[in-house]
6 protein chains.
Amino acid sequence: MKGVFYADSLKFLLEEDKELFEVIKELNEKVYTGKVLDYKTLKIIAIAIAAAKGDEKALKKQIVSGMKELNITKDEVIDALRVVLLTTGMPNFMKGMRVLKEVLEGKE
Amino acid sequence: MKGVFYADSLKFLLEEDKELFEVIKELNEKVYTGKVLDYKTLKIIAIAIAAAKGDEKALKKQIVSGMKELNITKDEVIDALRVVLLTTGMPNFMKGMRVLKEVLEGKE
Amino acid sequence: MKGVFYADSLKFLLEEDKELFEVIKELNEKVYTGKVLDYKTLKIIAIAIAAAKGDEKALKKQIVSGMKELNITKDEVIDALRVVLLTTGMPNFMKGMRVLKEVLEGKE
Amino acid sequence: MKGVFYADSLKFLLEEDKELFEVIKELNEKVYTGKVLDYKTLKIIAIAIAAAKGDEKALKKQIVSGMKELNITKDEVIDALRVVLLTTGMPNFMKGMRVLKEVLEGKE
Amino acid sequence: MKGVFYADSLKFLLEEDKELFEVIKELNEKVYTGKVLDYKTLKIIAIAIAAAKGDEKALKKQIVSGMKELNITKDEVIDALRVVLLTTGMPNFMKGMRVLKEVLEGKE
Amino acid sequence: MKGVFYADSLKFLLEEDKELFEVIKELNEKVYTGKVLDYKTLKIIAIAIAAAKGDEKALKKQIVSGMKELNITKDEVIDALRVVLLTTGMPNFMKGMRVLKEVLEGKE
């Protein structure tokens, strides 16, 4: 599945509700296949939204999968986080920078 | 100033607090001058964040200024709104589509 | 479509993106067909979530459609809003009560 | 006290501010005694709101106490989470499914 | 009742649920009677929270009642809004400035 | 820097984007130097906003730095949290009380 892979929860969902799993898979596929924007840009948008909501876990997953699957770079993430700073404030921005730093350090 | 022009409120801010106005202007300039992402992509991110917050007025301003200044297209906005749908749900998405429709109709 | 009918926006979506429209319709259908909870209870949950988010327009649509389609009563809405009061505070609760009052008055 | 028992924090509140503790207890009692909806339905609404806010700790407490006190079932929680998916997006839904899974596993 | 007077909704609440009205009144009274902070500071905090949530109507009510009842000044509101800017971003801040301007103009 | 010191993240920001670091420092300085409200009151407002957003980590930092730098007392924090209770509900309030308790215990 394109996008973030919530491994355990998705397996649980698949067991509990196969039909809903299929609908979500389809929606996910559709969303990450833009008419005009490429997958990488859509993923950067998803990173920005996770940061704007202050959702640390979702943000980490999005950054990790964006860097691994799509070669999103540190500077692209920072550019996106700067929009988060302007539109949602400093705590979300600092949280985003901290998560990015953790992801980068985990990679080395 | 790059980004959204909150005409009246900015004038009020300028009168009340010239120094803060200058800092905000600088921050705004900095944020919308990406290291790697272009201004248009940053603006699409700002549109997505406004929609993800369900902030109708901010969203309208962002879409209007994005379309006028940067030739962001209807399909680019819809692609961004689809990420909003997946990550923040249907009411925000439908609100975004309605605002987009209003902006498009206001243009004709 | 079960659930709220966002007339204009849905028509716009159908024109712009028929495939996404179909996925959303399917998701909507699936969500409002509970395994164990009945449609009315699911709808009351949707009313509570709209109120908890402070989303006035979505709340109005949910209450109107819930009362018309499913005979949800004033007291059922108030019971749900009281949970909203406890879990998300007084402004959301008072907003919910005002919206409910407007819907009730519009009906008579 | 009906509803969630925030053991430590409530004890602290009781020590610090007995009067406020009493008001909160009364409000809590009142909210979870519906005019028309039963306690179980009110509790499911509270679960849905906690999930819709993405508040993982509150959600866990609500699910645990709902399952223990009121015999709320796995399928009832999933039905509520599906409304959360539609109205607030996939990250909140996947978080809810993960928390539910953890609670279920903790029980065995 | 101390705090914001949501005239119509409170009347509706009183008719529908006198007991809950009494509990809310008591809670309201308690909250706005600080142990150490004075009523005016508590009110400024309430203004800041309404702005931080981007809740325009609640913010307007809080500013109007704070200025009328407690002689909160324009500069006190702006100082609070600047904390809102730093912690929750520019759209909330600009919205707060616009609401403040409207309240000031409505007074003259 | 006045306000909260996000040690690691700030160092990372300084390395990655010195110019943005300078703008943020200036904004921070400006925000925490009120025209009329004193630094301590501004800090209490920041504590209340962090609690109102349910942002546990930001709240902890704000309380710790507020108590250390500005001698904000336990009762001042509780007074602020009571406004949070009224305006954003019980889970945020209980979370705030728990965080306060943890900070107090860590100090002894």
# chains A, B, ... in the order shown; residues from 1 in each chain; ligands from 1

$ residues_around --residues "B:Val31" --least-positions-apart "3" --cutoff "8 Å" --atoms "only C-alpha atoms" --output "PyMOL selection string"
(chain A and resi 79+82-83+86) or (chain B and resi 27-28+34)

$ closest_atom_pairs --of "chain E" --to "chain A" --cutoff "9 Å" --atoms "only C-alpha atoms" --output "JSON lines"
{"residue": "E:Val84", "atom": "CA", "partner": "A:Gly89", "partner_atom": "CA", "distance": 8.3}
{"residue": "E:Leu85", "atom": "CA", "partner": "A:Gly89", "partner_atom": "CA", "distance": 6.7}
{"residue": "E:Leu86", "atom": "CA", "partner": "A:Gly89", "partner_atom": "CA", "distance": 5.4}
{"residue": "E:Thr87", "atom": "CA", "partner": "A:Gly89", "partner_atom": "CA", "distance": 4.6}
{"residue": "E:Thr88", "atom": "CA", "partner": "A:Gly89", "partner_atom": "CA", "distance": 4.1}
{"residue": "E:Gly89", "atom": "CA", "partner": "A:Gly89", "partner_atom": "CA", "distance": 3.9}
{"residue": "E:Met90", "atom": "CA", "partner": "A:Thr87", "partner_atom": "CA", "distance": 5.4}
{"residue": "E:Pro91", "atom": "CA", "partner": "A:Thr87", "partner_atom": "CA", "distance": 6.1}
{"residue": "E:Asn92", "atom": "CA", "partner": "A:Thr88", "partner_atom": "CA", "distance": 8.2}

$ write_last_selection --atoms "N, CA, C and O atoms" --output "CSV table (one decimal), in the first residue's frame"
chain,number,residue,atom,x,y,z
E,84,VAL,N,-0.4,33.9,21.4
E,84,VAL,CA,-1.1,33.0,20.5
E,84,VAL,C,-0.4,32.9,19.2
E,84,VAL,O,-0.3,31.8,18.6
E,85,LEU,N,0.2,34.0,18.7
E,85,LEU,CA,1.0,33.9,17.4
E,85,LEU,C,2.1,32.9,17.6
E,85,LEU,O,2.3,32.1,16.7
E,86,LEU,N,2.9,33.1,18.6
E,86,LEU,CA,4.1,32.2,18.8
E,86,LEU,C,3.7,30.8,18.9
E,86,LEU,O,4.4,29.9,18.4
E,87,THR,N,2.6,30.5,19.7
E,87,THR,CA,2.3,29.1,20.0
E,87,THR,C,1.4,28.4,19.1
E,87,THR,O,1.3,27.2,19.0
E,88,THR,N,0.6,29.2,18.3
E,88,THR,CA,-0.4,28.6,17.4
E,88,THR,C,-0.4,29.1,16.0
E,88,THR,O,-1.2,28.7,15.1
E,89,GLY,N,0.5,30.1,15.7
E,89,GLY,CA,0.6,30.5,14.3
E,89,GLY,C,-0.1,31.8,13.8
E,89,GLY,O,-0.9,32.3,14.5
E,90,MET,N,0.2,32.2,12.6
E,90,MET,CA,-0.2,33.5,12.1
E,90,MET,C,-1.7,33.6,11.8
E,90,MET,O,-2.3,34.6,12.1
E,91,PRO,N,-2.3,32.5,11.2
E,91,PRO,CA,-3.8,32.7,10.9
E,91,PRO,C,-4.6,33.0,12.2
E,91,PRO,O,-5.4,33.8,12.2
E,92,ASN,N,-4.3,32.2,13.3
E,92,ASN,CA,-5.0,32.5,14.5
E,92,ASN,C,-4.8,34.0,15.0
E,92,ASN,O,-5.6,34.6,15.5

$ residues_around --residues "B:Leu70" --least-positions-apart "5" --cutoff "12 Å" --atoms "only C-alpha atoms" --output "PyMOL selection string"
chain B and resi 2-4+38-44+62-65+76

$ select_by_dssp --residues "stretch 5-74 of chain B" --states "alpha helix (DSSP H)" --output "NGL selection string"
:B and (7-16 or 18-31 or 39-52 or 56-70 or 74)

$ residues_around --residues "F:Met94" --least-positions-apart "3" --cutoff "8 Å" --atoms "only C-alpha atoms" --output "PDB file with N, CA, C and O atoms, in the first residue's frame"
ATOM      1  N   TYR D   6      -9.400   8.816  36.576  1.00  0.00           N
ATOM      2  CA  TYR D   6      -8.017   9.270  36.425  1.00  0.00           C
ATOM      3  C   TYR D   6      -7.368   9.212  37.796  1.00  0.00           C
ATOM      4  O   TYR D   6      -7.128  10.257  38.410  1.00  0.00           O
ATOM      5  N   SER D   9      -4.424  11.695  39.264  1.00  0.00           N
ATOM      6  CA  SER D   9      -4.735  13.101  39.073  1.00  0.00           C
ATOM      7  C   SER D   9      -5.942  13.512  39.908  1.00  0.00           C
ATOM      8  O   SER D   9      -5.997  14.606  40.451  1.00  0.00           O
ATOM      9  N   LEU D  10      -6.912  12.596  40.034  1.00  0.00           N
ATOM     10  CA  LEU D  10      -8.093  12.932  40.827  1.00  0.00           C
ATOM     11  C   LEU D  10      -7.736  13.082  42.302  1.00  0.00           C
ATOM     12  O   LEU D  10      -8.263  13.968  42.979  1.00  0.00           O
TER      13      LEU D  10
ATOM     14  N   MET F  90     -12.501  18.203  30.385  1.00  0.00           N
ATOM     15  CA  MET F  90     -11.882  17.480  31.478  1.00  0.00           C
ATOM     16  C   MET F  90     -10.607  16.727  31.103  1.00  0.00           C
ATOM     17  O   MET F  90      -9.651  16.751  31.891  1.00  0.00           O
ATOM     18  N   PRO F  91     -10.527  16.062  29.941  1.00  0.00           N
ATOM     19  CA  PRO F  91      -9.266  15.338  29.675  1.00  0.00           C
ATOM     20  C   PRO F  91      -8.054  16.275  29.654  1.00  0.00           C
ATOM     21  O   PRO F  91      -7.011  15.944  30.230  1.00  0.00           O
ATOM     22  N   MET F  97      -3.175  18.560  35.227  1.00  0.00           N
ATOM     23  CA  MET F  97      -2.938  18.306  36.652  1.00  0.00           C
ATOM     24  C   MET F  97      -1.871  17.219  36.828  1.00  0.00           C
ATOM     25  O   MET F  97      -1.021  17.315  37.706  1.00  0.00           O
ATOM     26  N   ARG F  98      -1.948  16.206  35.991  1.00  0.00           N
ATOM     27  CA  ARG F  98      -0.957  15.127  36.073  1.00  0.00           C
ATOM     28  C   ARG F  98       0.447  15.649  35.757  1.00  0.00           C
ATOM     29  O   ARG F  98       1.412  15.351  36.461  1.00  0.00           O
TER      30      ARG F  98
END

$ closest_residue --among "F:Val77, F:Glu105, F:Asp8, F:Asn71" --to "F:Ile47" --atoms "only C-alpha atoms"
F:Val77
